[in-house]
Structure formats: C-alpha cells, structure tokens
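First up is the structure itself, then whatever we jot down about it.
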There are 4 protein chains.
Amino acid sequence: MKIGRQEYKSSALSTSSADTIVVRGKDLCRELIGKVSFSEYLWFLLCGTLPQAAQRRVLDATLVAIAEHGLVPSVQAARMTYAAAPEALQGAVAAGVLGCGSVILGAAESAGRMLADIVVRSREADLKAAASTVISELRAARKAVPGYGHPLHKGEDPRATRLFEVAEEAGLPDLHRRAARQVEELLPALTGKNLVMNVSAAIPAVLLDAGFPVGALKGVPILARTASLVAHLLEEQTKPIGFVLSHAAAQAIDYDGDLPQGFMADKE
Amino acid sequence: MKIGRQEYKSSALSTSSADTIVVRGKDLCRELIGKVSFSEYLWFLLCGTLPQAAQRRVLDATLVAIAEHGLVPSVQAARMTYAAAPEALQGAVAAGVLGCGSVILGAAESAGRMLADIVVRSREADLKAAASTVISELRAARKAVPGYGHPLHKGEDPRATRLFEVAEEAGLPDLHRRAARQVEELLPALTGKNLVMNVSAAIPAVLLDAGFPVGALKGVPILARTASLVAHLLEEQTKPIGFVLSHAAAQAIDYDGDLPQGFMADKE
Amino acid sequence: MKIGRQEYKSSALSTSSADTIVVRGKDLCRELIGKVSFSEYLWFLLCGTLPQAAQRRVLDATLVAIAEHGLVPSVQAARMTYAAAPEALQGAVAAGVLGCGSVILGAAESAGRMLADIVVRSREADLKAAASTVISELRAARKAVPGYGHPLHKGEDPRATRLFEVAEEAGLPDLHRRAARQVEELLPALTGKNLVMNVSAAIPAVLLDAGFPVGALKGVPILARTASLVAHLLEEQTKPIGFVLSHAAAQAIDYDGDLPQGFMADKE
Amino acid sequence: MKIGRQEYKSSALSTSSADTIVVRGKDLCRELIGKVSFSEYLWFLLCGTLPQAAQRRVLDATLVAIAEHGLVPSVQAARMTYAAAPEALQGAVAAGVLGCGSVILGAAESAGRMLADIVVRSREADLKAAASTVISELRAARKAVPGYGHPLHKGEDPRATRLFEVAEEAGLPDLHRRAARQVEELLPALTGKNLVMNVSAAIPAVLLDAGFPVGALKGVPILARTASLVAHLLEEQTKPIGFVLSHAAAQAIDYDGDLPQGFMADKE
C-alpha cells in the first residue's frame with residue numbers, strides 16, 4: 001500500500017555498473033579507495049564534497065572524543081548480548097547502538113538544534129538574550145537543556161575543553177561554540193545548578209562551526225560508539241565478562257513483590 | 001544468577017577519573033583527541049598500539065570500499081525503519097547493522113578465517129594444496145566458500161582489485177592476498193562456477209596481511225556501513241523514499257494463499 | 001559511574017530459588033504454566049492480577065487485530081535482514097520490531113495518551129469541547145492527530161470497527177471509545193480531511209476502557225507484530241523473497257546525482 | 001541488483017482490499033478478531049490451521065514458561081537501553097530480543113533440531129542408540145548439547161518438569177519427550193556432568209510432539225520474552241533501575257590495562 005505522499009523517487013548517493021561504482025559523482029575505486037581516510041569519506045557521503053583540513057580535523061576529533069568511555073550502558077548491553085548470542089556480532093553491535101538515546105550518548109543532535117536555534121535568534125538580539133530565551137522555552141516545556149552536566153566530570157568535561165581547543169587551533173569560526181559557552185554561563189542562575197558543558201554539547205558546537213549538517217549530528221556518537229563496541233566485543237571473545245556484568249547488576253536489585261506461601265530464598 | 005564460568009573480572013580498554021579519561025593506557029584528551037584520525041583510533045582501540053602508515057592506509061581503504069553501494073538491503077531496512085520511526089535514528093541504524101550477515105555484507109570474518117586457515121596449513125604443504133583442502137572441507141560440510149562471487153560485479157569486483165593495489169603500494173606482505181588469489185584460481189575447477197573474489201574476501205586478505213585481528217574483521221563492514229546508513233538517513237530527512245521502497249517491493253509479490261468466499265481485490 | 005538519581009533498587013516482577021520461580025507473587029510452575037493463556041499471562045505480568053473475561057477478550061482481540069497486514073515495511077525489513085543474516089532469527093525479528101514507530105504501527109501509545117487526556121478533561125467540560133481543545137493543541141504544536149487516517153482503509157478501518165464491537169459485546173465501559181469517536185467526528189471540520197479512526201486509535205480506546213496501563217500500550221503492536229514476524233520468517237525459510245523485495249524496491253528509485261566522466265550504465 | 005536465485009515471488013500470509021483483510025484464507029475481522037486467542041492466532045499464522053485444544057494448551061504453556069525469569073541479561077539490556085533512550089520503547093525491546101541467542105534463551109531451535117534428528121534416526125535403531133550417536137556427533141564437532149544444564153536450577157528445571165506434565169495431561173504423543181529424557185539419561189556417562197534438561201529442551205520436546213514447525217521454535221522464546229520485556233519497561237517507567245544496573249555491573253569489573261604517568265583514580 002502507498003504510505004505517505006511518496007513525492008521523491010530518487011537518491012543521489014550511489015549508482016553502479018558492472019565495472020564502476022559511483023558515490024556522489026566520484027568513481028569509488030579510482031578516486032576514493034586508497035586516497036581518502038574513512039572520516040574524509042564520511043564527510044563526503046554526508047556533504048557531497050571532501051572536507052577541508054579544518055573540517056576533517058574537527059570531525060576526527062569528535063569521533064575520537066565520544067567513541068570510548070569504559071563500561072557504559074551501551075557497552076554493557078552489547079557485551080551481554082554477545083555473551084548470549086555469539087553467532088551474531090552484528091546483533092551485539094545493534095544492541096549497543098540502540099543505547100544512543102536522548103538521555104545519554106545521543107544528545108548531540110538535540111544540543112545541536114538548540115545551539116543552531118540560539119545562533120539564528122542572536123542575529124536579531126544579542127547572544128545572551130537569545131540563549132536565555134531558548135533555555136527558558138525549554139524549561140517551560142519541561143525539557144532538559146541537552147548537553148550540560150555529567151555524572152562523573154562535574155568540574156569540566158575534559159573532552160569538551162579539548163574539542164574547543166582543537167576547533168580553535170583549526171581556525172574555525174566560533175558562532176556555535178560561543179552559543180554553547182553562553183548557555184553554560186547562564187545555567188547556574190536559570191536552573192540553580194552548576195551544569196558544565198559536556199561532550200554532547202561540544203560535539204555539535206565544533207561541528208556546526210565547521211559546516212557539518214545538523215541532521216547528521218546524531219550519527220557522530222552512533223558511528224564513534226560502533227568502533228568502541230567492536231573493540232569491546234573483540235575483548236569479550238578472549239576475556240568474557242558479559243555474564244559477570246549481568247550477575248553483578250542483578251545482585252544489586254531486590255525483589256519487592258509478593259511471595260507465594262512457603263517460598264524460601266536460596267542462601268548465596 | 002551466575003551464568004558460565006565468569007573467570008575474568010577485568011577489562012583493559014578504559015578507566016577514568018573526574019578529570020582524566022584513559023583509553024588503553026593513553027590520556028584520551030591529551031594524547032588522542034585532535035592528534036589521531038578516527039581510523040587510527042579504531043586500530044588503537046583494537047590493537048593497543050597506533051597503526052603504522054601502511055596499516056592505517058589499508059584500514060582506511062577497506063572502510064571506504066565497503067561503506068556504500070547504493071540501495072542494498074541493509075540500507076533499505078534502515079530507510080523504511082526511519083520512515084516509520086523518525087523519533088529514533090539509532091533504531092534505523094541498528095536495523096541496517098542487523099543486515100551485516102553471513103550471506104551478504106558480513107562475510108569478511110568467515111572469509112578471513114578461511115584465509116588464515118589456508119596460510120597456517122600452507123606452512124606444511126604448498127599453498128595450492130592447502131587452499132584445495134580447505135575448499136574441499138567447506139564443500140563437504142555443504143558450506144559456501146565465503147567472499148567469492150557477486151550478483152553485479154561478475155567479471156571482477158573492482159573494489160577487490162583496488163584494495164589489492166593499495167596493499168601492494170603500501171608495501172605489505174602478501175601471505176593472505178596470495179591465499180585469496182589461490183582460492184579464486186581453484187574455484188572454477190572445484191565448483192564448476194567462475195566465482196571472482198569479491199570485496200568480502202579482499203578486505204580480510206589485505207587486513208590480515210597488515211596484522212589486523214581476525215576477531216574484529218566483521219567490525220569493518222559493520223562500522224563502514226554505519227557511516228553509509230547515516231548518510232542515507234540524512235537524505236531520507238529531506239527526500240524520503242522509505243515508503244516508496246516498501247510500496248514497490250510489496251507490489252512485486254503476489255498472494256498465493258486461499259481467499260475467503262466473495263473476496264474481491266481492489267483495482268489499482 | 002552513577003547516572004541519574006538511582007532512587008529505586010528493586011523490582012516486583014520475579015524472583016527465584018533453585019526449585020521455585022516466582023512471578024508477581026505466584027509460583028510460575030504450580031499456578032501459571034498450563035493454567036493461563038499467554039495473553040492472560042501478559043495481562044498478569046503488566047497488572048499483577050489475572051484479567052477478567054472481558055479484559056482478556058479485548059486484549060486478545062487487539063493482539064489479533066494488529067499482528068498481520070501483509071508485506072508492510074516492518075515485515076520487509078525483517079525478511080531482508082533474515083535473507084542477509086539467516087544465522088540470527090532474533091536479529092531479523094529485532095529489525096522488524098524497530099519499525100514499530102510513531103508514524104506507523106507504533107501510534108497506539110500516543111493515541112492512547114490523547115484519548116486519556118480527553119477523558120480527563122471531559123470531566124470538567126463536555127466531551128466535544130475536551131476533544132476539540134486537545135486536537136487544537138496538537139495542531140498548534142504541529143503534531144499529527146495519532147490514530148486517524150489509513151493509506152488503504154479510507155472508508156473505515158474494518159479492524160477498528162470490529163474492535164469496538166468486541167468491546168461492546170464484552171460489556172466494557174465506553175469512555176475512551178466515545179472519546180475516539182468524538183475525535184473522528186471533529187476531524188473533518190478541524191482539519192479539512194476525512195480521516196477515519198484506524199486500528200492504532202481503536203486499540204487504546206478499547207484497552208483503556210478495559211483498564212490496561214497506558215504505558216504498556218505500545219507493547220501491544222510490538223508483541224503482536226513479533227508473532228507475525230516469526231510467521232514471515234518461517235515462510236522465508238522455504239519461500240525466500242527477501243532479496244526479491246530489495247531488488248524490486250531498488251529498481252523503483254533513480255539515481256539523480258552526478259556521474260563521473262565516461263560512466264556508462266549497464267543495460268538491464 | 002538481483003541477489004540470489006529469486007525463485008519465489010509470492011507469499012501466502014496475507015492480502016487485503018479496502019474493506020477486507022485476509023490472513024491465510026480467513027477474513028481477519030469476521031473470522032478471527034474476537035474469536036480466537038492470541039496464541040491460537042500465532043498457531044494459525046504459522047500453520048494455516050487453528051490449533052486443536054491440546055496444541056493450544058501446550059503452546060500457551062511454553063510461552064508462559066519462558067517469558068519471565070527476573071533480571072536476566074536480555075532484560076537488563078532492555079532496561080539500560082530504555083533508560084538511555086526512552087523515546088523509543090521499540091528500541092529497548094529490540095535490544096532485549098537480540099539477547100535470544102544460541103547460548104542462552106534461544107537454544108530451543110537447536111535443541112529441537114537435535115530431538116527431531118534423534119526421533120528420525122530412532123526409526124532405524126532404538127532410541128538410546130540414536131540419542132547416543134547424535135550426542136557423540138555433537139561432541140566430536142565440539143558443540144554443546146543444547147537444552148541441558150542450568151546455572152540456577154541444578155537438580156531439575158521446574159519449568160521443564162511442568163511442561164512435560166502439561167503435555168501428558170493434554171494427551172499428546174511423546175516421541176520427542178522420550179528423546180529428550182533419553183538424552184538426559186545419557187549425558188552423565190557421556191559427558192561426566194549431571195546436566196538436567198532445561199526449559200530450552202522441554203519447549204521443543206512438547207511442541208514438536210504437538211506438531212509445531214521446527215523452523216519457528218526460536219520464535220517461542222523470542223515472542224514470550226517480548227511480553228516480559230514490555231512488563232519490565234512498564235516498571236522502568238515508574239521505578240527506573242536501568243542505570244543502577246549499569247553502575248553495579250561496572251563496579252564489578254577492574255581496569256587491568258596501562259595507566260598514563262601520574263594518573264590518580266578517584267576515591268569512591
């Protein structure tokens with residue numbers, strides 16, 4: 001059945017013949033393989049042009065920054081899934097990717113949309129007023145300000161600091177970085193909490209300053225984390241901890257429901 | 001409950017304090033972000049050392065080679081999923097990743113294990129005898145020879161050819177590449193079919209020659225395809241075709257079951 | 001690291017000893033297996049009490065209504081994924097489940113929240129005013145009215161009609177069903193379109209009338225579709241069409257990007 | 001591109017017109033909704049006929065038996081995923097479904113194939129000899145005997161015992177149940193371990209005795225667990241423990257990699 005309007009019937013990403021694969025107008029084998037890095041290729045896939053040096057450098061920096069941070073929930077989900085289903089590495093990676101959500105890991109896009117909104121509004125007001133309005137609107141709608149606060153890095157998120165340095169060194173304009181800093185300055189007064197900018201606000205700040213498309217921002221933590229998941233699943237093959245994780249986690253939780261008459265718990 | 005032996009209770013990938021994130025012994029912010037590319041970081045996550053130039057070059061080449069090939073099944077699954085559930089880009093990416101299977105896209109690992117097996121056995125016989133034995137064993141077990149034959153690229157898979165050139169240019173040893181070519185030479189006589197080496201055999205051939213871990217081979221198409229999925233989902237945001245794909249696909253299939261009395265199909 | 005407030009450290013669903021498994025206070029083996037149907041058990045898992053006859057009947061009806069509707073996008077994603085990765089049936093099912101989204105298949109929860117909201121507001125106004133206000137608010141926020149309109153069933157969705165009959169026969173109160181009908185009556189004037197109630201509004205209408213928890217509404221299409229996905233994957237094992245679907249879908253889409261000089265498309 | 005042979009271009013599951021939805025030859029709205037239970041409908045989707053009472057009873061029993069067993073890995077993966085990405089309940093369910101693997105939860109199919117193999121071979125030998133041969137072949141191929149042994153239920157898996165009782169009460173033939181018991185008897189001598197039949201062997205034993213299709217066996221734990229996942233995710237909405245689980249799990253694992261000079265761990 002025809003669902004939706006179905007206006008478009010074309011794609012501009014790739015076509016091929018028996019001997020040539022075309023990606024966004026270039027011959028994959030003659031012009032791209034062996035000539036561009038994977039992150040340059042990512043930019044090319046998304047934007048249709050190869051990145052300039054500053055763009056490539058910032059994109060690499062964000063991917064490196066967010067890929068790995070230890071045994072976080074997405075990694076645990078992947079390692080448990082792989083322990084249960086080692087026949088399908090792709091399933092374990094998918095389970096981890098599904099943890100790139102709005103609460104953790106996947107906030108780069110919503111933070112990016114907020115920063116882009118502030119930058120647009122600051123054209124008709126000053127930056128502080130624009131940021132203040134946007135934060136107030138979020139709070140009125142009972143939404144969190146995405147990209148601020150971190151459970152471990154409370155003084156500053158060192159990845160955010162470093163990403164800003166890299167963007168500075170690369171000579172990028174700083175419109176979105178300034179918006180991100182402005183939000184950080186306003187938050188204590190507006191929320192009563194000292195929420196520092198975390199990596200999920202820094203990533204869109206530096207990438208939007210580099211001209212990266214806002215609709216692909218969430219792809220950055222997803223792609224980066226995929227690399228880390230593969231590394232964890234490689235480790236799981238020789239030093240399996242998937243079921244150690246689930247055992248320890250289950251022990252931290254009590255059962256607080258009813259019990260049938262005569263039920264006796266086992267002694268551990 | 002304790003499942004399995006639970007011998008290991010450690011991981012060597014990452015630890016952190018409030019101000020420092022450690023990845024495989026290095027300080028993420030001071031030593032890695034802004035200093036290494038994403039593919040160098042992938043190698044580092046997997047191997048614990050940064051890649052040499054030849055290793056990095058070949059890894060980049062494989063990731064670029066396998067990322068994008070048009071509207072293949074994994075991409076279609078992702079675009080349909082995103083059209084149905086635009087609230088969760090991560091879900092659409094996961095649906096695509098799940099298509100990195102043993103039949104298409106995910107054969108790099110099984111091909112790599114076959115090539116590694118041939119190389120090991122060739123130490124005690126010649127390469128041709130080793131390859132012949134391994135192929136015969138696969139066929140006796142009614143398993144396909146992974147990494148040979150392609151529905152479109154029947155004369156040669158240009159990506160395979162190009163990856164071998166890049167490995168040659170990079171000056172890598174060629175043990176696994178020779179094994180891959182040996183298999184290709186033997187297949188017509190052993191199978192009666194002219195099955196050319198495809199990208200899923202070329203990827204492990206060049207990566208194993210570079211010292212890449214065999215247990216992470218399947219991660220290469222998974223990671224590469226993730227980049228392409230993000231590009232397709234970005235396009236889907238402005239030129240949606242997810243439901244056009246499903247409509248055209250459904251029209252290609254007839255219903256051949258029973259019908260209740262009096263059922264009248266609609267006229268299209 | 002501690003993420004979030006972590007206030008709760010308990011679960012009321014299940015505990016067990018070596019010889020007894022407890023689910024919500026009952027002994028699984030002595031009181032449930034062989035004594036209750038799967039849908040009665042679902043209700044028990046969600047609510048902690050076994051359903052009354054009317055509740056069970058309506059729950060069964062909704063699960064049967066939404067499970068199967070031919071080669072819809074979620075089914076296609078699952079069949080393509082299985083064709084590519086037959087080693088992991090669970091991966092193909094997961095790919096299909098991921099298509100239970102806000103646009104199609106997964107609208108039962110948002111429709112249910114809308115109906116519940118209308119019922120609450122109708123206590124202080126009449127039903128028509130409450131429904132009108134809620135629809136206007138959705139439209140002011142540029143959100144679709146969930147659960148109305150269907151690409152094939154334009155005159156009426158026969159599943160919606162039948163579900164209302166079943167709820168009537170079962171003698172359930174009709175607060176949410178009346179809200180659903182009220183919305184249907186108002187839509188032509190408020191939107192200029194004749195959007196009939198579809199199964200995704202009828203499911204929450206009858207289930208909320210039966211006392212089903214609103215937070216589990218989305219679980220109904222997810223669980224129901226999972227049954228259908230298993231049936232499609234069983235068929236795929238003997239009559240594979242996964243790659244027929246992807247081939248037909250790809251042929252419906254043109255490439256509209258640039259081409260490298262000298263590129264010649266293959267003749268089909 | 002055309003992948004594979006593409007012999008079939010039809011499906012026998014469903015077709016529809018604007019006013020009628022046909023499922024396996026029946027009118028969904030007139031003949032099924034409100035008339036059959038969800039588990040009867042599952043059987044109908046898989047087999048094309050409605051189940052007899054004994055078949056329905058055994059199918060219900062297996063679905064109830066395997067659905068819920070506390071905070072097992074698949075449930076933890078789902079709850080962690082939902083805590084990170086509450087915008088997509090379907091993603092959390094999918095993450096849990098992906099844990100229905102060959103090692104835990106998903107062994108019903110491989111156990112079923114083993115039992116079916118034993119039954120076929122027992123036609124030309126006695127049951128004990130057939131079972132002994134099949135077990136020996138598995139062990140020669142270094143594969144586990146699927147469906148025996150359980151980390152908690154070491155004396156007996158009470159669900160297995162109960163499922164056999166239900167099948168007995170339902171008056172089903174016992175070919176596959178006898179094969180399952182025969183394997184249990186042989187294992188101590190053949191493996192040196194006292195591995196009792198668990199629920200993943202009992203499920204295929206009773207279902208194959210009822211005429212359930214072997215290719216859909218894995219669908220039983222997948223579908224059953226989906227119901228349980230929905231219940232856990234409903235609980236997660238009001239008593240969130242997703243991040244408590246991940247915190248406790250991470251604390252059970254030490255970092256055993258290198259540290260950069262001067263790194264100081266935080267005091268907890």
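All residue names refer to the structure tokens as shown: chains lettered A, B, ... in order, residues numbered from 1 in each chain, ligands numbered from 1 in order.
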
Expected answer as a PyMOL selection string: chain C residues within 8 Å of chain A, only C-alpha atoms: chain C and resi 1-4+9-18+20+22+24-27+72+87-88+91+151-152+252-260+263-266

Write out as a PyMOL selection string all residues of segment 126-186 of chain A that backbone DSSP assigns to helix (DSSP H, G or I). chain A and resi 127-140+158-169+175-186

Dump as a tab-separated table (two decimals), in the first residue's frame, selection limited to N, CA and C atoms:
chain	number	residue	atom	x	y	z
A	127	LEU	N	23.53	37.61	21.85
A	127	LEU	CA	23.66	36.17	22.10
A	127	LEU	C	23.08	35.79	23.45
A	128	LYS	N	23.35	36.63	24.45
A	128	LYS	CA	22.88	36.30	25.79
A	128	LYS	C	21.36	36.25	25.85
A	129	ALA	N	20.72	37.22	25.23
A	129	ALA	CA	19.25	37.25	25.22
A	129	ALA	C	18.70	36.05	24.46
A	130	ALA	N	19.33	35.72	23.33
A	130	ALA	CA	18.85	34.58	22.54
A	130	ALA	C	18.98	33.30	23.33
A	131	ALA	N	20.14	33.09	23.97
A	131	ALA	CA	20.36	31.87	24.75
A	131	ALA	C	19.38	31.80	25.91
A	132	SER	N	19.19	32.92	26.56
A	132	SER	CA	18.29	32.97	27.71
A	132	SER	C	16.86	32.60	27.31
A	133	THR	N	16.42	33.12	26.17
A	133	THR	CA	15.08	32.81	25.69
A	133	THR	C	14.93	31.33	25.39
A	134	VAL	N	15.92	30.78	24.69
A	134	VAL	CA	15.83	29.37	24.29
A	134	VAL	C	15.82	28.47	25.53
A	135	ILE	N	16.67	28.76	26.50
A	135	ILE	CA	16.68	27.96	27.72
A	135	ILE	C	15.33	28.07	28.44
A	136	SER	N	14.81	29.26	28.51
A	136	SER	CA	13.53	29.45	29.20
A	136	SER	C	12.42	28.68	28.51
A	137	GLU	N	12.45	28.68	27.20
A	137	GLU	CA	11.41	27.94	26.47
A	137	GLU	C	11.52	26.44	26.74
A	138	LEU	N	12.74	25.92	26.76
A	138	LEU	CA	12.92	24.50	27.07
A	138	LEU	C	12.37	24.19	28.45
A	139	ARG	N	12.70	25.05	29.42
A	139	ARG	CA	12.27	24.79	30.78
A	139	ARG	C	10.75	24.93	30.92
A	140	ALA	N	10.17	25.86	30.18
A	140	ALA	CA	8.71	26.00	30.22
A	140	ALA	C	8.04	24.74	29.68
A	158	PRO	N	36.56	17.06	30.29
A	158	PRO	CA	37.83	17.37	29.61
A	158	PRO	C	37.75	17.19	28.09
A	159	ARG	N	36.80	16.36	27.63
A	159	ARG	CA	36.66	16.19	26.18
A	159	ARG	C	36.08	17.45	25.55
A	160	ALA	N	35.15	18.09	26.25
A	160	ALA	CA	34.56	19.33	25.74
A	160	ALA	C	35.65	20.40	25.63
A	161	THR	N	36.43	20.54	26.68
A	161	THR	CA	37.52	21.52	26.69
A	161	THR	C	38.47	21.27	25.53
A	162	ARG	N	38.83	20.03	25.35
A	162	ARG	CA	39.80	19.68	24.31
A	162	ARG	C	39.22	19.90	22.91
A	163	LEU	N	37.95	19.57	22.72
A	163	LEU	CA	37.35	19.79	21.40
A	163	LEU	C	37.33	21.27	21.04
A	164	PHE	N	37.07	22.12	22.03
A	164	PHE	CA	37.10	23.55	21.76
A	164	PHE	C	38.51	24.00	21.37
A	165	GLU	N	39.52	23.47	22.06
A	165	GLU	CA	40.91	23.79	21.69
A	165	GLU	C	41.21	23.39	20.24
A	166	VAL	N	40.79	22.17	19.88
A	166	VAL	CA	41.07	21.69	18.52
A	166	VAL	C	40.40	22.60	17.49
A	167	ALA	N	39.16	22.99	17.77
A	167	ALA	CA	38.45	23.86	16.83
A	167	ALA	C	39.15	25.21	16.71
A	168	GLU	N	39.66	25.67	17.84
A	168	GLU	CA	40.40	26.95	17.87
A	168	GLU	C	41.68	26.83	17.03
A	169	GLU	N	42.44	25.76	17.32
A	169	GLU	CA	43.68	25.51	16.56
A	169	GLU	C	43.42	25.39	15.05
A	175	LEU	N	30.83	30.74	16.10
A	175	LEU	CA	29.45	31.11	16.43
A	175	LEU	C	28.78	30.12	17.39
A	176	HIS	N	28.83	28.85	17.04
A	176	HIS	CA	28.14	27.86	17.86
A	176	HIS	C	28.90	27.56	19.14
A	177	ARG	N	30.21	27.68	19.11
A	177	ARG	CA	30.97	27.49	20.35
A	177	ARG	C	30.63	28.61	21.34
A	178	ARG	N	30.49	29.82	20.81
A	178	ARG	CA	30.13	30.92	21.71
A	178	ARG	C	28.72	30.71	22.29
A	179	ALA	N	27.83	30.21	21.46
A	179	ALA	CA	26.48	29.92	21.96
A	179	ALA	C	26.54	28.88	23.08
A	180	ALA	N	27.38	27.85	22.88
A	180	ALA	CA	27.48	26.79	23.89
A	180	ALA	C	28.04	27.33	25.20
A	181	ARG	N	29.04	28.19	25.11
A	181	ARG	CA	29.61	28.80	26.33
A	181	ARG	C	28.59	29.71	27.00
A	182	GLN	N	27.82	30.41	26.17
A	182	GLN	CA	26.80	31.31	26.72
A	182	GLN	C	25.76	30.53	27.53
A	183	VAL	N	25.35	29.41	27.00
A	183	VAL	CA	24.40	28.57	27.75
A	183	VAL	C	25.01	28.14	29.08
A	184	GLU	N	26.27	27.73	29.02
A	184	GLU	CA	26.93	27.27	30.25
A	184	GLU	C	26.97	28.39	31.31
A	185	GLU	N	27.20	29.60	30.85
A	185	GLU	CA	27.25	30.73	31.79
A	185	GLU	C	25.89	31.02	32.41
A	186	LEU	N	24.86	30.83	31.61
A	186	LEU	CA	23.51	31.19	32.09
A	186	LEU	C	22.89	30.14	33.00

Give the strand (DSSP E) residues of segment 5-178 of chain B, as DSSP finds them on the backbone, and put them as a ChimeraX atom specification. /B:10-11,14-16,21-23,26-27

For Glu236 of chain A, which residue out of A:Ala83, A:Leu50, A:Val206, A:Cys100 is the nearest one, using only C-alpha atoms? A:Ala83

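Using only C-alpha atoms, the contacts of Ile33 of chain C at a cut-off of 6 Å, with sequence neighbours closer than 6 positions omitted, comprise Ala61, Val64 and Ala65 of chain D.
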
Find the spatial neighbours of segment 230-234 of chain B, counting only C-alpha atoms, within a cut-off of 7 Å - ignore same-chain residues fewer than 6 positions away - and output them as a ChimeraX atom specification. /A:45-46,215-216,219 /B:79

Using all heavy atoms, can you write the selected residues to a file as a PDB file, in the first residue's frame?
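Below is the file that was written, selection39.pdb:
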ATOM      1  N   LEU A  45      30.310  11.544   2.045  1.00  0.00           N
ATOM      2  CA  LEU A  45      28.994  10.895   1.945  1.00  0.00           C
ATOM      3  C   LEU A  45      27.885  11.830   2.401  1.00  0.00           C
ATOM      4  O   LEU A  45      26.804  11.882   1.817  1.00  0.00           O
ATOM      5  CB  LEU A  45      28.962   9.622   2.804  1.00  0.00           C
ATOM      6  CG  LEU A  45      29.607   8.371   2.206  1.00  0.00           C
ATOM      7  CD1 LEU A  45      29.791   7.310   3.284  1.00  0.00           C
ATOM      8  CD2 LEU A  45      28.763   7.815   1.061  1.00  0.00           C
ATOM      9  N   LEU A  46      28.155  12.572   3.461  1.00  0.00           N
ATOM     10  CA  LEU A  46      27.128  13.434   4.036  1.00  0.00           C
ATOM     11  C   LEU A  46      26.953  14.721   3.245  1.00  0.00           C
ATOM     12  O   LEU A  46      25.830  15.212   3.086  1.00  0.00           O
ATOM     13  CB  LEU A  46      27.477  13.778   5.489  1.00  0.00           C
ATOM     14  CG  LEU A  46      27.511  12.607   6.471  1.00  0.00           C
ATOM     15  CD1 LEU A  46      28.067  13.063   7.812  1.00  0.00           C
ATOM     16  CD2 LEU A  46      26.123  11.998   6.651  1.00  0.00           C
ATOM     17  N   GLY A 215      21.329  17.522  10.713  1.00  0.00           N
ATOM     18  CA  GLY A 215      20.563  16.274  10.687  1.00  0.00           C
ATOM     19  C   GLY A 215      21.425  15.025  10.790  1.00  0.00           C
ATOM     20  O   GLY A 215      20.904  13.932  10.985  1.00  0.00           O
ATOM     21  N   ALA A 216      22.728  15.175  10.678  1.00  0.00           N
ATOM     22  CA  ALA A 216      23.632  14.027  10.798  1.00  0.00           C
ATOM     23  C   ALA A 216      24.385  14.022  12.122  1.00  0.00           C
ATOM     24  O   ALA A 216      25.215  13.142  12.362  1.00  0.00           O
ATOM     25  CB  ALA A 216      24.626  14.008   9.638  1.00  0.00           C
ATOM     26  N   GLY A 219      24.544  10.967  14.134  1.00  0.00           N
ATOM     27  CA  GLY A 219      25.367   9.930  13.534  1.00  0.00           C
ATOM     28  C   GLY A 219      26.772   9.887  14.105  1.00  0.00           C
ATOM     29  O   GLY A 219      27.441   8.849  14.053  1.00  0.00           O
TER      30      GLY A 219
ATOM     31  N   ARG B  79      16.148   2.737   5.898  1.00  0.00           N
ATOM     32  CA  ARG B  79      15.311   3.845   5.436  1.00  0.00           C
ATOM     33  C   ARG B  79      13.834   3.581   5.708  1.00  0.00           C
ATOM     34  O   ARG B  79      13.087   4.488   6.076  1.00  0.00           O
ATOM     35  CB  ARG B  79      15.573   4.146   3.955  1.00  0.00           C
ATOM     36  CG  ARG B  79      16.985   4.733   3.740  1.00  0.00           C
ATOM     37  CD  ARG B  79      17.258   5.185   2.310  1.00  0.00           C
ATOM     38  NE  ARG B  79      16.641   6.474   2.039  1.00  0.00           N
ATOM     39  CZ  ARG B  79      17.172   7.436   1.260  1.00  0.00           C
ATOM     40  NH1 ARG B  79      18.347   7.247   0.673  1.00  0.00           N
ATOM     41  NH2 ARG B  79      16.555   8.571   1.072  1.00  0.00           N
TER      42      ARG B  79
END
